[in-house]
Amino acid sequence: MERLKSIMAAAAGVSLSICMQPQLYADEGMWLPSLISERLGDMQEKGLRLDAEDIYSINSASLKDAVVLFGRGCTGEVISPDGLLLTNHHCGYAQIQRHSDVEHDYLRDGFWAMSRDEELPNEGLTVSFLERMDDVTARVLEGFSDGMSGHQRDSVVKANSAALVKEATSGGKGLKATVEALYYGNQYFLFIYKEYSDVRLVGAPPSSIGKFGGDTDNWMWPRHTGDFSIFRIYAGKDNEPAPYSPDNVPYRPKKFFKISLGGVEEGDFTFIYGFPGSTREYVMSDEVRYVSEVSDPMKIALRSLRLDIQDKYMSGSRDVRIRYSSKNASVANAWKKWQGEAGGIARLGTVAMKEAYEKRFARWSEGTRYEDVLPQLDSLYALLGPYMFAREYYMESANTVELCAFARNIAATVRKAQSDIGKAPEQEDSILAASGENALKTSRAFFRDYYLPIDKESFIAVMDSFDKDMDDKAKPQYFKDMTAQYGSIRNWADTLFATSVFTDSVKVKAIALHQAPLPSGDPALVFAEEFRLWYDSAIQPVCKRLGDEIALLYRSYMQGQMEFEPDKAFYPDANLTLRVAYGKVAGYSPADGIIYEASSTLEGIIEKDNPEIFDYDIPQRLRELHAAKDYGRWAVTDSNGNTTVPVCFLATNHTSGGNSGSPVINADGNLVGINFDRVWEGTMSDIAFDPDYCRNISLDIRYVLFIIDKLADAGHLLDEMVFVE
Ligand code: ARG
Ligand code: GLU
């Protein structure tokens, strides 16, 4: 039966392409802003009322100047002439947590700066504006000739890129640049950013709003999460990037988003500007099969073990809950996404569809220079499989033991200082001081959020699985020796966690300050180092070598695919560079007999409200506002004629991780929402976009304004914004 199904799916794939012009599915695509003019016709046909220059321009202010890369993996947008910045609650989560303790619990209670001097600085947080992006393929490949090996080509690319980056960043404060390969190195773009490093926390709703529904609702519809937080960018008096200083002033942006109060309706055009992190839409069936049948299930199982342990301790103690909230959220997030991804790939029949495509490609490529690409990829994938499995298993097991990672971290800092002193003995004092400060910072962060029983139980659970799931031949000798010596993982853990000095903050402090010797035989340190040694010598080099060969072949396969389907509009895989996605507001049907509407309202929050369930226990103030229908100017009338407040909506924009916090923009270029999620039936869109199931989830901007206005009483922030009725 399964076989029959896949044959039918394969057959369907073939006939589809015969009777239809090869073209892109509606709304699939993450487009390069500098080339947006190529999509403009389609965008305007679907409703856009802007020109290409309004979206991206290097001559005048355009919407791109109001979008930032927030931290290392989110997006944010500027919404006032004084540098006010919106992003997701989960994107600012680490900052909110860092300012919190049991007395000032901003995660639980929210935080609102009532004046500018109450805004909280955040060490290490940066935001980057894209100044410009340019196709530099010719310059990057200068000096490259056909006879060169892949390796030689790589060094040409590296050297030329370094020169381009140097040139691009020499002229001003905060300039950063990268050269990124697109289409597996068929094209190269230079991205020049301006990075601001004084970014202060202005406001965050309580988690009971900002994380409403928690991990139960995460990746799901119907959704009611008020997933936003507010920051402000500060600059030097010249409006240029400057490190934190009380003398800095609010940044004056070239462009900021005006906010639409008109809302959205099913069918409305929307587009998204943001930094999607990583997709692989053009990979072979082999890779998709590995992801959905091997990798995702393995990672899901290992994380289930850890999550159960975390949940057990977090539900028993508020202190542990705060300490593990951020870690738990990130472990749970990917865990759930992978479930949707594996399920979506299976339902869509992506493996069979890709196989059918590959058959057609193979036939077409006979006698061309692409003839050998697929067979070669296929055999490389067969070789790579077991190593990739070992690598991912390690990353999800031994490498997740917090104590051991911490020990390795401290040891690395201490040893680096020792070797630096060896090289420059006259600088001993300053090297020791810097290293001590560094190690103490690591140590403070570790102990603040650490809870040994969770770590120890997780160690036992994941290492037991490692023992069962890994081939004996593939296990590190050290692991086999230790399990033989202790008789069980549990006994091993008992000793390791009872005797390691890295559980003792006082002793770690002495080591960090070079007052006590580094205990190189410490069991936690040895565990981390032995596993890393095994990974670095037996696993990683093979993954790297095969991965490089595969990447090289993908350059040809990608080029081949473009020649094979000359009429198809291709877009480069996401790589955390700025992209535009566009689509329309739309519900979907997740299963037979169910139809999801495209928007949710405050009524749904009240339906879910339950003081007994942590994820659904809303602030009392929200209950009161609802009871009194005290919605002020944020009230709308829903389809049933009720007065309510809009909360979230669905659309068909093609987004990925990194698009969190992205502005959702209407046909006139005004802000209507903040992107924060996808529906989990559609999370395979990183590999295959299915227009029936792939939806991004956005927060309706009017809910954000309602919370600021009515729940937080922070109306002074609204005075900075510009509204469009
Ligand atoms: N799924 C969203 C994303 O991928 C939100 C994650 C944060 N929320 C959570 N409950 N873990 O980032
Ligand atoms: N929440 C995701 C993020 O952090 C966005 C959801 C997605 O993966 O599309 O970027």
# chains A, B, ... in the order shown; residues from 1 in each chain; ligands from 1
$ residues_around --residues "His626 in chain A" --least-positions-apart "4" --cutoff "10 Å" --atoms "only C-alpha atoms" --output "ChimeraX atom specification"
/A:602-603,605-606,620-622,630-631,643-645
$ residues_around --residues "Leu69 in chain A" --least-positions-apart "2" --cutoff "8 Å" --atoms "only C-alpha atoms" --output "ChimeraX atom specification"
/A:67,71-76,127-129,274-275
$ write_last_selection --atoms "all heavy atoms" --output "compact mmCIF listing (two decimals), in the first residue's frame"
# COMPACT_ATOMS: atom_id res chain seq x y z
N VAL A 67 14.25 48.15 8.58
CA VAL A 67 14.29 46.73 8.98
C VAL A 67 15.68 46.41 9.51
O VAL A 67 16.68 46.85 8.94
CB VAL A 67 13.99 45.82 7.77
CG1 VAL A 67 13.96 44.37 8.18
CG2 VAL A 67 12.68 46.22 7.12
N GLY A 71 19.85 40.98 16.95
CA GLY A 71 20.69 39.94 17.55
C GLY A 71 21.28 39.08 16.45
O GLY A 71 21.62 39.58 15.38
N ARG A 72 21.36 37.78 16.69
CA ARG A 72 21.98 36.92 15.70
C ARG A 72 20.98 36.07 14.92
O ARG A 72 21.37 35.28 14.09
CB ARG A 72 23.04 36.03 16.35
CG ARG A 72 24.40 36.71 16.43
CD ARG A 72 25.39 35.85 17.17
NE ARG A 72 25.02 35.71 18.57
CZ ARG A 72 25.34 36.59 19.51
NH1 ARG A 72 26.04 37.65 19.21
NH2 ARG A 72 24.98 36.39 20.77
N GLY A 73 19.68 36.27 15.18
CA GLY A 73 18.79 35.37 14.44
C GLY A 73 17.34 35.80 14.39
O GLY A 73 16.47 34.97 14.17
N CYS A 74 17.07 37.09 14.58
CA CYS A 74 15.70 37.57 14.48
C CYS A 74 15.68 38.83 13.62
O CYS A 74 16.72 39.35 13.23
CB CYS A 74 15.12 37.89 15.86
SG CYS A 74 14.47 36.47 16.77
N THR A 75 14.48 39.29 13.37
CA THR A 75 14.30 40.51 12.61
C THR A 75 13.58 41.52 13.52
O THR A 75 12.88 41.12 14.45
CB THR A 75 13.45 40.22 11.36
OG1 THR A 75 14.07 39.18 10.60
CG2 THR A 75 13.30 41.46 10.48
N GLY A 76 13.78 42.81 13.24
CA GLY A 76 13.06 43.84 13.97
C GLY A 76 12.74 44.98 13.02
O GLY A 76 13.30 45.06 11.92
N VAL A 127 21.89 45.46 16.66
CA VAL A 127 20.98 45.41 15.51
C VAL A 127 21.73 45.94 14.29
O VAL A 127 22.55 46.85 14.42
CB VAL A 127 19.68 46.23 15.73
CG1 VAL A 127 18.90 45.69 16.91
CG2 VAL A 127 19.96 47.71 15.90
N SER A 128 21.43 45.37 13.13
CA SER A 128 22.16 45.77 11.92
C SER A 128 21.20 46.18 10.82
O SER A 128 20.24 45.46 10.52
CB SER A 128 23.00 44.60 11.40
OG SER A 128 23.88 44.17 12.40
N PHE A 129 21.49 47.32 10.23
CA PHE A 129 20.74 47.79 9.06
C PHE A 129 21.52 47.40 7.81
O PHE A 129 22.74 47.56 7.77
CB PHE A 129 20.63 49.32 9.07
CG PHE A 129 19.76 49.86 10.15
CD1 PHE A 129 20.28 50.17 11.40
CD2 PHE A 129 18.41 50.08 9.92
CE1 PHE A 129 19.47 50.69 12.41
CE2 PHE A 129 17.60 50.60 10.92
CZ PHE A 129 18.13 50.91 12.17
N GLY A 274 12.52 40.50 5.95
CA GLY A 274 13.19 39.92 7.11
C GLY A 274 14.37 39.05 6.74
O GLY A 274 14.79 38.98 5.58
N PHE A 275 14.91 38.38 7.76
CA PHE A 275 16.15 37.63 7.64
C PHE A 275 15.95 36.13 7.86
O PHE A 275 16.36 35.61 8.90
CB PHE A 275 17.16 38.17 8.65
CG PHE A 275 17.68 39.54 8.34
CD1 PHE A 275 17.01 40.68 8.77
CD2 PHE A 275 18.85 39.71 7.59
CE1 PHE A 275 17.49 41.95 8.47
CE2 PHE A 275 19.33 40.98 7.30
CZ PHE A 275 18.66 42.10 7.73
$ select_by_dssp --residues "range 558-611 of chain A" --states "strand (DSSP E or B)" --output "mmCIF file with C-alpha atoms, in the first residue's frame"
data_model
loop_
_atom_site.group_PDB
_atom_site.id
_atom_site.type_symbol
_atom_site.label_atom_id
_atom_site.label_comp_id
_atom_site.auth_asym_id
_atom_site.auth_seq_id
_atom_site.Cartn_x
_atom_site.Cartn_y
_atom_site.Cartn_z
ATOM 1 C CA ARG A 579 14.571 38.858 1.786
ATOM 2 C CA VAL A 580 11.097 39.787 0.727
ATOM 3 C CA ALA A 581 8.263 37.262 0.777
ATOM 4 C CA TYR A 582 4.754 38.073 -0.363
ATOM 5 C CA GLY A 583 1.358 36.477 -0.274
ATOM 6 C CA LYS A 584 -2.104 37.003 1.040
ATOM 7 C CA VAL A 585 -4.073 36.646 4.229
ATOM 8 C CA TYR A 588 -6.327 26.697 5.581
ATOM 9 C CA SER A 589 -7.668 23.241 6.136
ATOM 10 C CA PRO A 590 -5.324 21.181 8.332
ATOM 11 C CA ALA A 591 -7.333 17.979 8.037
ATOM 12 C CA ILE A 594 -11.638 21.208 9.564
ATOM 13 C CA ILE A 595 -11.371 24.696 8.156
ATOM 14 C CA TYR A 596 -9.306 27.325 9.902
ATOM 15 C CA SER A 599 -7.753 35.505 12.117
ATOM 16 C CA SER A 600 -8.211 35.194 15.859
ATOM 17 C CA THR A 601 -9.522 37.595 18.487
#
$ closest_atom_pairs --of "chain A" --to "ligand 2" --cutoff "9 Å" --atoms "only C-alpha atoms and all ligand atoms" --output "JSON lines"
{"residue": "A:Gly73", "atom": "CA", "partner": "ligand 2", "partner_atom_place_in_ligand_line": "10 (O)", "distance": 7.0}
{"residue": "A:Cys74", "atom": "CA", "partner": "ligand 2", "partner_atom_place_in_ligand_line": "10 (O)", "distance": 5.8}
{"residue": "A:Thr75", "atom": "CA", "partner": "ligand 2", "partner_atom_place_in_ligand_line": "10 (O)", "distance": 7.8}
{"residue": "A:Asn88", "atom": "CA", "partner": "ligand 2", "partner_atom_place_in_ligand_line": "4 (O)", "distance": 8.4}
{"residue": "A:His90", "atom": "CA", "partner": "ligand 2", "partner_atom_place_in_ligand_line": "4 (O)", "distance": 7.4}
{"residue": "A:Cys91", "atom": "CA", "partner": "ligand 2", "partner_atom_place_in_ligand_line": "4 (O)", "distance": 6.9}
{"residue": "A:Asn218", "atom": "CA", "partner": "ligand 2", "partner_atom_place_in_ligand_line": "1 (N)", "distance": 8.7}
{"residue": "A:Trp219", "atom": "CA", "partner": "ligand 2", "partner_atom_place_in_ligand_line": "6 (C)", "distance": 7.7}
{"residue": "A:Phe275", "atom": "CA", "partner": "ligand 2", "partner_atom_place_in_ligand_line": "10 (O)", "distance": 8.4}
{"residue": "A:Pro276", "atom": "CA", "partner": "ligand 2", "partner_atom_place_in_ligand_line": "10 (O)", "distance": 7.1}
{"residue": "A:Gly277", "atom": "CA", "partner": "ligand 2", "partner_atom_place_in_ligand_line": "10 (O)", "distance": 7.8}
{"residue": "A:Asn333", "atom": "CA", "partner": "ligand 2", "partner_atom_place_in_ligand_line": "1 (N)", "distance": 8.1}
{"residue": "A:Ala334", "atom": "CA", "partner": "ligand 2", "partner_atom_place_in_ligand_line": "8 (O)", "distance": 8.9}
{"residue": "A:Lys337", "atom": "CA", "partner": "ligand 2", "partner_atom_place_in_ligand_line": "8 (O)", "distance": 7.9}
{"residue": "A:His654", "atom": "CA", "partner": "ligand 2", "partner_atom_place_in_ligand_line": "9 (O)", "distance": 8.2}
{"residue": "A:Thr655", "atom": "CA", "partner": "ligand 2", "partner_atom_place_in_ligand_line": "9 (O)", "distance": 5.1}
{"residue": "A:Ser656", "atom": "CA", "partner": "ligand 2", "partner_atom_place_in_ligand_line": "9 (O)", "distance": 3.6}
{"residue": "A:Gly657", "atom": "CA", "partner": "ligand 2", "partner_atom_place_in_ligand_line": "10 (O)", "distance": 3.3}
{"residue": "A:Gly658", "atom": "CA", "partner": "ligand 2", "partner_atom_place_in_ligand_line": "10 (O)", "distance": 3.5}
{"residue": "A:Asn659", "atom": "CA", "partner": "ligand 2", "partner_atom_place_in_ligand_line": "10 (O)", "distance": 4.4}
{"residue": "A:Ser660", "atom": "CA", "partner": "ligand 2", "partner_atom_place_in_ligand_line": "10 (O)", "distance": 3.6}
{"residue": "A:Gly661", "atom": "CA", "partner": "ligand 2", "partner_atom_place_in_ligand_line": "10 (O)", "distance": 7.3}
{"residue": "A:Ser662", "atom": "CA", "partner": "ligand 2", "partner_atom_place_in_ligand_line": "10 (O)", "distance": 8.6}
{"residue": "A:Asn675", "atom": "CA", "partner": "ligand 2", "partner_atom_place_in_ligand_line": "5 (C)", "distance": 7.3}
{"residue": "A:Phe676", "atom": "CA", "partner": "ligand 2", "partner_atom_place_in_ligand_line": "1 (N)", "distance": 4.9}
{"residue": "A:Asp677", "atom": "CA", "partner": "ligand 2", "partner_atom_place_in_ligand_line": "6 (C)", "distance": 3.5}
{"residue": "A:Arg678", "atom": "CA", "partner": "ligand 2", "partner_atom_place_in_ligand_line": "9 (O)", "distance": 4.7}
{"residue": "A:Val679", "atom": "CA", "partner": "ligand 2", "partner_atom_place_in_ligand_line": "9 (O)", "distance": 8.2}
{"residue": "A:Thr683", "atom": "CA", "partner": "ligand 2", "partner_atom_place_in_ligand_line": "8 (O)", "distance": 7.2}
{"residue": "A:Ser685", "atom": "CA", "partner": "ligand 2", "partner_atom_place_in_ligand_line": "9 (O)", "distance": 8.8}
{"residue": "A:Asp686", "atom": "CA", "partner": "ligand 2", "partner_atom_place_in_ligand_line": "8 (O)", "distance": 8.6}
{"residue": "A:Arg695", "atom": "CA", "partner": "ligand 2", "partner_atom_place_in_ligand_line": "9 (O)", "distance": 8.9}
{"residue": "A:Asn696", "atom": "CA", "partner": "ligand 2", "partner_atom_place_in_ligand_line": "9 (O)", "distance": 6.5}
{"residue": "A:Ile697", "atom": "CA", "partner": "ligand 2", "partner_atom_place_in_ligand_line": "6 (C)", "distance": 8.0}
$ closest_residue --among "A:Arg132, A:Gly263, A:Asn59, A:Val156" --to "Tyr193 in chain A" --atoms "only C-alpha atoms"
A:Arg132
$ closest_residue --among "A:Asp464, A:Asp494, A:Glu624, A:Glu266" --to "Ala398 in chain A" --atoms "only C-alpha atoms"
A:Asp464
$ closest_residue --among "A:Asp117, A:Asp311, A:Asp449, A:Asp42" --to "Phe614 in chain A" --atoms "only C-alpha atoms"
A:Asp311
$ residues_around --residues "range 362-376 of chain A" --least-positions-apart "2" --cutoff "12 Å" --atoms "only C-alpha atoms" --output "count of residues only"
35
$ closest_residue --among "A:Met470, A:Ile192, A:Leu699, A:Ala688" --to "ligand 1" --atoms "only C-alpha atoms and all ligand atoms"
A:Leu699
$ atom_distance --atom1 "CA of Arg633 in chain A" --atom2 "CA of Lys710 in chain A"
10.2 Å
$ closest_residue --among "A:Lys211, A:Arg545, A:Arg490, A:Arg391" --to "ligand 1" --atoms "only C-alpha atoms and all ligand atoms"
A:Lys211
$ closest_residue --among "A:Lys336, A:Lys441, A:Lys473, A:Lys312" --to "ligand 1" --atoms "only C-alpha atoms and all ligand atoms"
A:Lys336
$ atom_distance --atom1 "CA of Lys194 in chain A" --atom2 "CA of Asp65 in chain A"
10.5 Å
$ residues_around --residues "Asp308 in chain A" --least-positions-apart "3" --cutoff "12 Å" --atoms "only C-alpha atoms" --output "list in words"
Ala301, Leu302, Arg303, Ser304, Leu305, Asp311, Lys312, Tyr313, Met314, Ser315, Asn328, Val331, Ala332, Ile454, Glu457, Ser458 and Ala461 of chain A
$ atom_distance --atom1 "CA of Ser443 in chain A" --atom2 "CA of Met395 in chain A"
22.1 Å
$ residues_around --residues "Leu525 in chain A" --least-positions-apart "4" --cutoff "6 Å" --atoms "only C-alpha atoms" --output "list in words"
Cys404, Ala407 and Arg408 of chain A
$ write_last_selection --atoms "N, CA and C atoms" --output "mmCIF file, in the first residue's frame"
data_model
loop_
_atom_site.group_PDB
_atom_site.id
_atom_site.type_symbol
_atom_site.label_atom_id
_atom_site.label_comp_id
_atom_site.auth_asym_id
_atom_site.auth_seq_id
_atom_site.Cartn_x
_atom_site.Cartn_y
_atom_site.Cartn_z
ATOM 1 N N CYS A 404 29.443 19.678 31.535
ATOM 2 C CA CYS A 404 30.641 19.307 30.786
ATOM 3 C C CYS A 404 31.007 20.398 29.785
ATOM 4 N N ALA A 407 32.641 23.119 31.775
ATOM 5 C CA ALA A 407 34.013 22.775 32.159
ATOM 6 C C ALA A 407 34.967 23.009 30.987
ATOM 7 N N ARG A 408 34.543 22.603 29.815
ATOM 8 C CA ARG A 408 35.398 22.756 28.634
ATOM 9 C C ARG A 408 35.627 24.235 28.313
#
